[in-house]
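Q: protein-v7.csv is the file, holding CSV, N, CA and C atoms:
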```csv
chain,number,residue,atom,x,y,z
A,2,MET,N,139.4,55.7,81.6
A,2,MET,CA,138.3,55.2,82.4
A,2,MET,C,137.1,55.1,81.4
A,3,GLU,N,136.4,54.0,81.5
A,3,GLU,CA,135.3,53.7,80.6
A,3,GLU,C,134.0,54.4,81.1
A,4,SER,N,133.2,55.0,80.2
A,4,SER,CA,131.9,55.6,80.6
A,4,SER,C,130.9,54.5,80.8
A,5,LYS,N,130.0,54.8,81.7
A,5,LYS,CA,128.9,53.8,82.0
A,5,LYS,C,127.6,54.5,81.7
A,6,VAL,N,126.6,53.8,81.3
A,6,VAL,CA,125.3,54.4,80.9
A,6,VAL,C,124.4,54.2,82.1
A,7,LEU,N,123.8,55.3,82.5
A,7,LEU,CA,122.8,55.3,83.6
A,7,LEU,C,121.5,54.7,83.1
A,8,THR,N,120.8,54.2,84.0
A,8,THR,CA,119.5,53.6,83.7
A,8,THR,C,118.5,54.7,83.5
A,9,GLN,N,117.4,54.5,82.9
A,9,GLN,CA,116.3,55.5,82.7
A,9,GLN,C,115.8,55.9,84.1
A,10,GLU,N,115.7,55.0,85.0
A,10,GLU,CA,115.2,55.3,86.3
A,10,GLU,C,116.2,56.3,87.0
A,11,GLU,N,117.5,56.0,86.9
A,11,GLU,CA,118.5,56.9,87.5
A,11,GLU,C,118.4,58.3,86.9
A,12,ILE,N,118.3,58.3,85.6
A,12,ILE,CA,118.2,59.6,84.9
A,12,ILE,C,117.0,60.4,85.4
A,13,GLN,N,115.9,59.7,85.4
A,13,GLN,CA,114.6,60.3,85.8
A,13,GLN,C,114.7,60.8,87.3
A,14,SER,N,115.3,60.0,88.2
A,14,SER,CA,115.5,60.4,89.6
A,14,SER,C,116.3,61.7,89.7
A,15,LEU,N,117.4,61.7,88.9
A,15,LEU,CA,118.3,62.9,88.9
A,15,LEU,C,117.6,64.1,88.4
A,16,LYS,N,116.8,63.9,87.3
A,16,LYS,CA,116.1,65.1,86.7
A,16,LYS,C,115.0,65.6,87.7
A,17,GLU,N,114.4,64.7,88.4
A,17,GLU,CA,113.4,65.1,89.4
A,17,GLU,C,114.0,65.9,90.5
A,18,LEU,N,115.2,65.4,91.0
A,18,LEU,CA,116.0,66.1,92.0
A,18,LEU,C,116.3,67.5,91.5
A,19,GLN,N,116.8,67.6,90.3
A,19,GLN,CA,117.2,68.9,89.7
A,19,GLN,C,116.0,69.8,89.6
A,20,ASN,N,114.8,69.3,89.2
A,20,ASN,CA,113.6,70.1,89.1
A,20,ASN,C,113.1,70.6,90.4
A,21,ASN,N,113.2,69.7,91.4
A,21,ASN,CA,112.8,70.0,92.8
A,21,ASN,C,113.7,71.1,93.3
A,22,GLN,N,115.0,71.0,93.1
A,22,GLN,CA,115.9,72.0,93.6
A,22,GLN,C,115.6,73.4,92.9
A,23,LEU,N,115.3,73.4,91.6
A,23,LEU,CA,115.0,74.6,90.9
A,23,LEU,C,113.7,75.2,91.5
A,24,GLU,N,112.7,74.4,91.8
A,24,GLU,CA,111.4,74.9,92.3
A,24,GLU,C,111.7,75.5,93.7
A,25,LEU,N,112.5,74.8,94.5
A,25,LEU,CA,112.8,75.3,95.9
A,25,LEU,C,113.5,76.7,95.8
A,26,VAL,N,114.5,76.8,94.9
A,26,VAL,CA,115.2,78.0,94.8
A,26,VAL,C,114.3,79.1,94.3
A,27,THR,N,113.4,78.8,93.4
A,27,THR,CA,112.5,79.8,92.9
A,27,THR,C,111.5,80.2,94.0
A,28,SER,N,111.0,79.2,94.7
A,28,SER,CA,110.0,79.5,95.8
A,28,SER,C,110.7,80.4,96.9
A,29,LEU,N,111.9,80.1,97.2
A,29,LEU,CA,112.6,80.8,98.2
A,29,LEU,C,112.8,82.3,97.7
A,30,GLY,N,113.2,82.4,96.5
A,30,GLY,CA,113.3,83.8,95.9
A,30,GLY,C,112.0,84.6,96.0
A,31,GLU,N,110.9,83.9,95.6
A,31,GLU,CA,109.6,84.6,95.7
A,31,GLU,C,109.3,85.0,97.1
A,32,LEU,N,109.5,84.1,98.0
A,32,LEU,CA,109.3,84.3,99.4
A,32,LEU,C,110.1,85.5,99.9
A,33,GLU,N,111.3,85.5,99.6
A,33,GLU,CA,112.2,86.7,100.0
A,33,GLU,C,111.7,88.0,99.4
A,34,TYR,N,111.2,87.9,98.2
A,34,TYR,CA,110.7,89.1,97.6
A,34,TYR,C,109.4,89.6,98.3
A,35,LYS,N,108.5,88.7,98.7
A,35,LYS,CA,107.3,89.0,99.4
A,35,LYS,C,107.7,89.5,100.8
A,36,ILE,N,108.7,89.0,101.4
A,36,ILE,CA,109.1,89.4,102.7
A,36,ILE,C,109.6,90.9,102.6
A,37,SER,N,110.3,91.2,101.6
A,37,SER,CA,110.9,92.5,101.3
A,37,SER,C,109.7,93.5,101.2
A,38,VAL,N,108.7,93.1,100.4
A,38,VAL,CA,107.6,94.0,100.2
A,38,VAL,C,106.8,94.2,101.5
A,39,LEU,N,106.6,93.1,102.3
A,39,LEU,CA,105.9,93.3,103.5
A,39,LEU,C,106.7,94.1,104.5
A,40,GLU,N,108.0,94.0,104.5
A,40,GLU,CA,108.9,94.8,105.4
A,40,GLU,C,108.7,96.3,105.0
A,41,SER,N,108.7,96.6,103.7
A,41,SER,CA,108.5,98.0,103.3
A,41,SER,C,107.1,98.5,103.7
A,42,GLN,N,106.1,97.7,103.6
A,42,GLN,CA,104.8,98.1,104.0
A,42,GLN,C,104.7,98.3,105.5
A,43,LYS,N,105.4,97.4,106.2
A,43,LYS,CA,105.4,97.6,107.7
A,43,LYS,C,106.1,98.9,108.1
A,44,GLN,N,107.2,99.2,107.4
A,44,GLN,CA,107.9,100.5,107.8
A,44,GLN,C,107.0,101.7,107.4
A,45,PHE,N,106.3,101.6,106.3
A,45,PHE,CA,105.4,102.7,105.9
A,45,PHE,C,104.4,102.9,107.0
A,46,LEU,N,103.8,101.8,107.4
A,46,LEU,CA,102.7,101.9,108.5
A,46,LEU,C,103.3,102.4,109.8
A,47,LYS,N,104.5,102.0,110.2
A,47,LYS,CA,105.1,102.5,111.4
A,47,LYS,C,105.3,104.0,111.3
A,48,ASN,N,105.7,104.5,110.1
A,48,ASN,CA,105.8,105.9,109.9
A,48,ASN,C,104.5,106.6,110.0
A,49,GLN,N,103.4,106.0,109.5
A,49,GLN,CA,102.1,106.5,109.6
A,49,GLN,C,101.6,106.6,111.0
A,50,ILE,N,102.0,105.6,111.8
A,50,ILE,CA,101.6,105.6,113.2
A,50,ILE,C,102.3,106.8,113.9
A,51,VAL,N,103.6,107.0,113.6
A,51,VAL,CA,104.3,108.2,114.2
A,51,VAL,C,103.6,109.5,113.9
A,52,LYS,N,103.2,109.6,112.6
A,52,LYS,CA,102.4,110.8,112.2
A,52,LYS,C,101.1,110.9,112.9
A,53,GLN,N,100.4,109.8,113.1
A,53,GLN,CA,99.1,109.8,113.8
A,53,GLN,C,99.3,110.3,115.2
A,54,ILE,N,100.3,109.8,115.9
A,54,ILE,CA,100.6,110.1,117.3
A,54,ILE,C,100.9,111.6,117.4
A,55,GLU,N,101.7,112.1,116.4
A,55,GLU,CA,102.0,113.5,116.4
A,55,GLU,C,100.8,114.4,116.2
A,56,SER,N,99.9,114.0,115.3
A,56,SER,CA,98.7,114.7,115.1
A,56,SER,C,97.8,114.7,116.3
A,57,GLU,N,97.7,113.5,117.0
A,57,GLU,CA,96.8,113.4,118.2
A,57,GLU,C,97.4,114.3,119.3
A,58,THR,N,98.7,114.3,119.4
A,58,THR,CA,99.3,115.2,120.5
A,58,THR,C,99.1,116.6,120.2
A,59,LYS,N,99.2,117.0,118.9
A,59,LYS,CA,99.1,118.4,118.5
A,59,LYS,C,97.6,118.9,118.8
A,60,ILE,N,96.7,118.1,118.3
A,60,ILE,CA,95.2,118.4,118.5
A,60,ILE,C,94.9,118.4,120.0
A,61,GLY,N,95.4,117.5,120.8
A,61,GLY,CA,95.2,117.4,122.2
A,61,GLY,C,95.7,118.7,122.9
A,62,LYS,N,96.9,119.1,122.5
A,62,LYS,CA,97.4,120.4,123.1
A,62,LYS,C,96.6,121.6,122.8
A,63,GLU,N,96.2,121.6,121.5
A,63,GLU,CA,95.4,122.8,121.0
A,63,GLU,C,94.0,122.8,121.8
A,64,LEU,N,93.4,121.7,122.0
A,64,LEU,CA,92.1,121.6,122.7
A,64,LEU,C,92.3,121.9,124.2
A,65,GLN,N,93.4,121.5,124.7
A,65,GLN,CA,93.7,121.7,126.1
A,65,GLN,C,93.9,123.2,126.4
A,66,GLU,N,94.7,123.9,125.4
A,66,GLU,CA,94.9,125.3,125.5
A,66,GLU,C,93.6,126.1,125.4
A,67,LYS,N,92.7,125.6,124.5
A,67,LYS,CA,91.4,126.3,124.3
A,67,LYS,C,90.4,126.1,125.4
A,68,TYR,N,90.3,124.8,125.9
A,68,TYR,CA,89.3,124.5,126.8
A,68,TYR,C,89.8,124.1,128.2
A,69,GLY,N,91.0,123.9,128.4
A,69,GLY,CA,91.6,123.5,129.7
A,69,GLY,C,91.5,122.0,129.8
A,70,ASP,N,91.7,121.5,131.1
A,70,ASP,CA,91.7,120.1,131.3
A,70,ASP,C,90.2,119.6,131.4
A,71,GLY,N,90.0,118.4,130.8
A,71,GLY,CA,88.6,117.9,130.9
A,71,GLY,C,88.5,116.7,130.0
A,72,ASN,N,87.2,116.3,129.8
A,72,ASN,CA,86.9,115.2,129.0
A,72,ASN,C,86.0,115.6,127.8
A,73,ILE,N,86.2,114.9,126.7
A,73,ILE,CA,85.4,115.2,125.5
A,73,ILE,C,84.6,114.0,125.2
A,74,ASP,N,83.3,114.2,125.0
A,74,ASP,CA,82.3,113.2,124.5
A,74,ASP,C,82.1,113.4,123.0
A,75,LEU,N,82.7,112.6,122.2
A,75,LEU,CA,82.6,112.8,120.8
A,75,LEU,C,81.2,112.5,120.3
A,76,GLU,N,80.4,111.7,121.0
A,76,GLU,CA,79.1,111.4,120.6
A,76,GLU,C,78.2,112.6,120.7
A,77,LYS,N,78.4,113.3,121.8
A,77,LYS,CA,77.6,114.5,122.1
A,77,LYS,C,78.2,115.8,121.5
A,78,GLY,N,79.5,115.7,121.3
A,78,GLY,CA,80.3,116.9,120.9
A,78,GLY,C,80.5,117.9,122.0
A,79,GLU,N,80.6,117.3,123.2
A,79,GLU,CA,80.7,118.2,124.4
A,79,GLU,C,82.0,118.0,125.2
A,80,PHE,N,82.4,119.1,125.8
A,80,PHE,CA,83.6,119.2,126.6
A,80,PHE,C,83.1,119.3,128.0
A,81,THR,N,83.6,118.5,128.9
A,81,THR,CA,83.3,118.6,130.4
A,81,THR,C,84.6,118.9,131.1
A,82,PRO,N,84.7,120.1,131.7
A,82,PRO,CA,85.9,120.5,132.5
A,82,PRO,C,86.0,119.6,133.7
A,83,ILE,N,87.3,119.3,134.1
A,83,ILE,CA,87.6,118.6,135.3
A,83,ILE,C,87.6,119.7,136.4
A,84,PRO,N,86.8,119.5,137.5
A,84,PRO,CA,86.8,120.5,138.6
A,84,PRO,C,88.0,120.5,139.4
```
Would it be possible to restate this file's structure as structure tokens?

A:
Amino acid sequence: MESKVLTQEEIQSLKELQNNQLELVTSLGELEYKISVLESQKQFLKNQIVKQIESETKIGKELQEKYGDGNIDLEKGEFTPIP
């Protein structure tokens, strides 16, 4: 079978397609990397939330044991018991 020569335009079109494909694959890889980093950060923050809730619960119990049921005004630094 005889070889045929492509035109410059055909070669240029194929090279552009090849470059576009490479850019797409690279962009997708970068995006997946960023997603992975964000998912790790999200998990870290979820763990921090759990620790925050545990701390709030612990302090709440300690204050309730010390002062009983009531309300705390942080602005005034006062505890008001519930009658």

Q: Determine the nearest neighbour of Gly69 (chain A) from the options A:Thr8, A:Gln53, A:Thr81, A:Asn20, counting all atoms listed in the file.

A: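 Once distances to Gly69 (chain A) are computed over all atoms listed in the file, the minimum belongs to A:Thr81.
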
Q: Do you have the atom C of Glu10 (chain A)-atom N of Gln22 (chain A) distance handy?

A: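 Here the two named atoms are 16.0 Å from each other.
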
Q: Report, in Å with one decimal, the straight-line distance from atom N of Ile60 (chain A) to CA of Asn48 (chain A).

A: 17.4 Å

Q: For the helix (DSSP H, G or I) assignment from backbone DSSP, which residues of region 4-78 of chain A qualify? Please present them as a count of residues only.

A: 60

Q: Taking the backbone alone, and naming residues the way the document does, which bits of chain A are strand (DSSP E) by DSSP, as a PyMOL selection string?

A: chain A and resi 71-74+79-82

Q: For CA of Ile83 (chain A) and CA of Lys52 (chain A), quote the distance in Å rounded to one decimal.

A: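 Interatomic distance here is 28.5 Å.
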
Q: Hey, could you patch up region 23-39 of chain A with N, CA, C and O atoms and hand it over as a PDB file, in the coordinates of the input?

A:
```pdb
ATOM      1  N   LEU A  23     115.300  73.400  91.600  1.00  0.00           N
ATOM      2  CA  LEU A  23     115.000  74.600  90.900  1.00  0.00           C
ATOM      3  C   LEU A  23     113.700  75.200  91.500  1.00  0.00           C
ATOM      4  O   LEU A  23     113.614  76.433  91.715  1.00  0.00           O
ATOM      5  N   GLU A  24     112.700  74.400  91.800  1.00  0.00           N
ATOM      6  CA  GLU A  24     111.400  74.900  92.300  1.00  0.00           C
ATOM      7  C   GLU A  24     111.700  75.500  93.700  1.00  0.00           C
ATOM      8  O   GLU A  24     111.094  76.497  94.083  1.00  0.00           O
ATOM      9  N   LEU A  25     112.500  74.800  94.500  1.00  0.00           N
ATOM     10  CA  LEU A  25     112.800  75.300  95.900  1.00  0.00           C
ATOM     11  C   LEU A  25     113.500  76.700  95.800  1.00  0.00           C
ATOM     12  O   LEU A  25     113.173  77.577  96.574  1.00  0.00           O
ATOM     13  N   VAL A  26     114.500  76.800  94.900  1.00  0.00           N
ATOM     14  CA  VAL A  26     115.200  78.000  94.800  1.00  0.00           C
ATOM     15  C   VAL A  26     114.300  79.100  94.300  1.00  0.00           C
ATOM     16  O   VAL A  26     114.307  80.253  94.878  1.00  0.00           O
ATOM     17  N   THR A  27     113.400  78.800  93.400  1.00  0.00           N
ATOM     18  CA  THR A  27     112.500  79.800  92.900  1.00  0.00           C
ATOM     19  C   THR A  27     111.500  80.200  94.000  1.00  0.00           C
ATOM     20  O   THR A  27     111.217  81.393  94.172  1.00  0.00           O
ATOM     21  N   SER A  28     111.000  79.200  94.700  1.00  0.00           N
ATOM     22  CA  SER A  28     110.000  79.500  95.800  1.00  0.00           C
ATOM     23  C   SER A  28     110.700  80.400  96.900  1.00  0.00           C
ATOM     24  O   SER A  28     110.052  81.293  97.409  1.00  0.00           O
ATOM     25  N   LEU A  29     111.900  80.100  97.200  1.00  0.00           N
ATOM     26  CA  LEU A  29     112.600  80.800  98.200  1.00  0.00           C
ATOM     27  C   LEU A  29     112.800  82.300  97.700  1.00  0.00           C
ATOM     28  O   LEU A  29     112.619  83.215  98.511  1.00  0.00           O
ATOM     29  N   GLY A  30     113.200  82.400  96.500  1.00  0.00           N
ATOM     30  CA  GLY A  30     113.300  83.800  95.900  1.00  0.00           C
ATOM     31  C   GLY A  30     112.000  84.600  96.000  1.00  0.00           C
ATOM     32  O   GLY A  30     112.004  85.750  96.333  1.00  0.00           O
ATOM     33  N   GLU A  31     110.900  83.900  95.600  1.00  0.00           N
ATOM     34  CA  GLU A  31     109.600  84.600  95.700  1.00  0.00           C
ATOM     35  C   GLU A  31     109.300  85.000  97.100  1.00  0.00           C
ATOM     36  O   GLU A  31     108.736  86.040  97.329  1.00  0.00           O
ATOM     37  N   LEU A  32     109.500  84.100  98.000  1.00  0.00           N
ATOM     38  CA  LEU A  32     109.300  84.300  99.400  1.00  0.00           C
ATOM     39  C   LEU A  32     110.100  85.500  99.900  1.00  0.00           C
ATOM     40  O   LEU A  32     109.551  86.388 100.630  1.00  0.00           O
ATOM     41  N   GLU A  33     111.300  85.500  99.600  1.00  0.00           N
ATOM     42  CA  GLU A  33     112.200  86.700 100.000  1.00  0.00           C
ATOM     43  C   GLU A  33     111.700  88.000  99.400  1.00  0.00           C
ATOM     44  O   GLU A  33     111.712  89.007 100.098  1.00  0.00           O
ATOM     45  N   TYR A  34     111.200  87.900  98.200  1.00  0.00           N
ATOM     46  CA  TYR A  34     110.700  89.100  97.600  1.00  0.00           C
ATOM     47  C   TYR A  34     109.400  89.600  98.300  1.00  0.00           C
ATOM     48  O   TYR A  34     109.280  90.780  98.648  1.00  0.00           O
ATOM     49  N   LYS A  35     108.500  88.700  98.700  1.00  0.00           N
ATOM     50  CA  LYS A  35     107.300  89.000  99.400  1.00  0.00           C
ATOM     51  C   LYS A  35     107.700  89.500 100.800  1.00  0.00           C
ATOM     52  O   LYS A  35     107.035  90.496 101.246  1.00  0.00           O
ATOM     53  N   ILE A  36     108.700  89.000 101.400  1.00  0.00           N
ATOM     54  CA  ILE A  36     109.100  89.400 102.700  1.00  0.00           C
ATOM     55  C   ILE A  36     109.600  90.900 102.600  1.00  0.00           C
ATOM     56  O   ILE A  36     109.280  91.739 103.445  1.00  0.00           O
ATOM     57  N   SER A  37     110.300  91.200 101.600  1.00  0.00           N
ATOM     58  CA  SER A  37     110.900  92.500 101.300  1.00  0.00           C
ATOM     59  C   SER A  37     109.700  93.500 101.200  1.00  0.00           C
ATOM     60  O   SER A  37     109.734  94.612 101.736  1.00  0.00           O
ATOM     61  N   VAL A  38     108.700  93.100 100.400  1.00  0.00           N
ATOM     62  CA  VAL A  38     107.600  94.000 100.200  1.00  0.00           C
ATOM     63  C   VAL A  38     106.800  94.200 101.500  1.00  0.00           C
ATOM     64  O   VAL A  38     106.455  95.349 101.822  1.00  0.00           O
ATOM     65  N   LEU A  39     106.600  93.100 102.300  1.00  0.00           N
ATOM     66  CA  LEU A  39     105.900  93.300 103.500  1.00  0.00           C
ATOM     67  C   LEU A  39     106.700  94.100 104.500  1.00  0.00           C
ATOM     68  O   LEU A  39     106.130  94.922 105.269  1.00  0.00           O
TER      69      LEU A  39
END
```
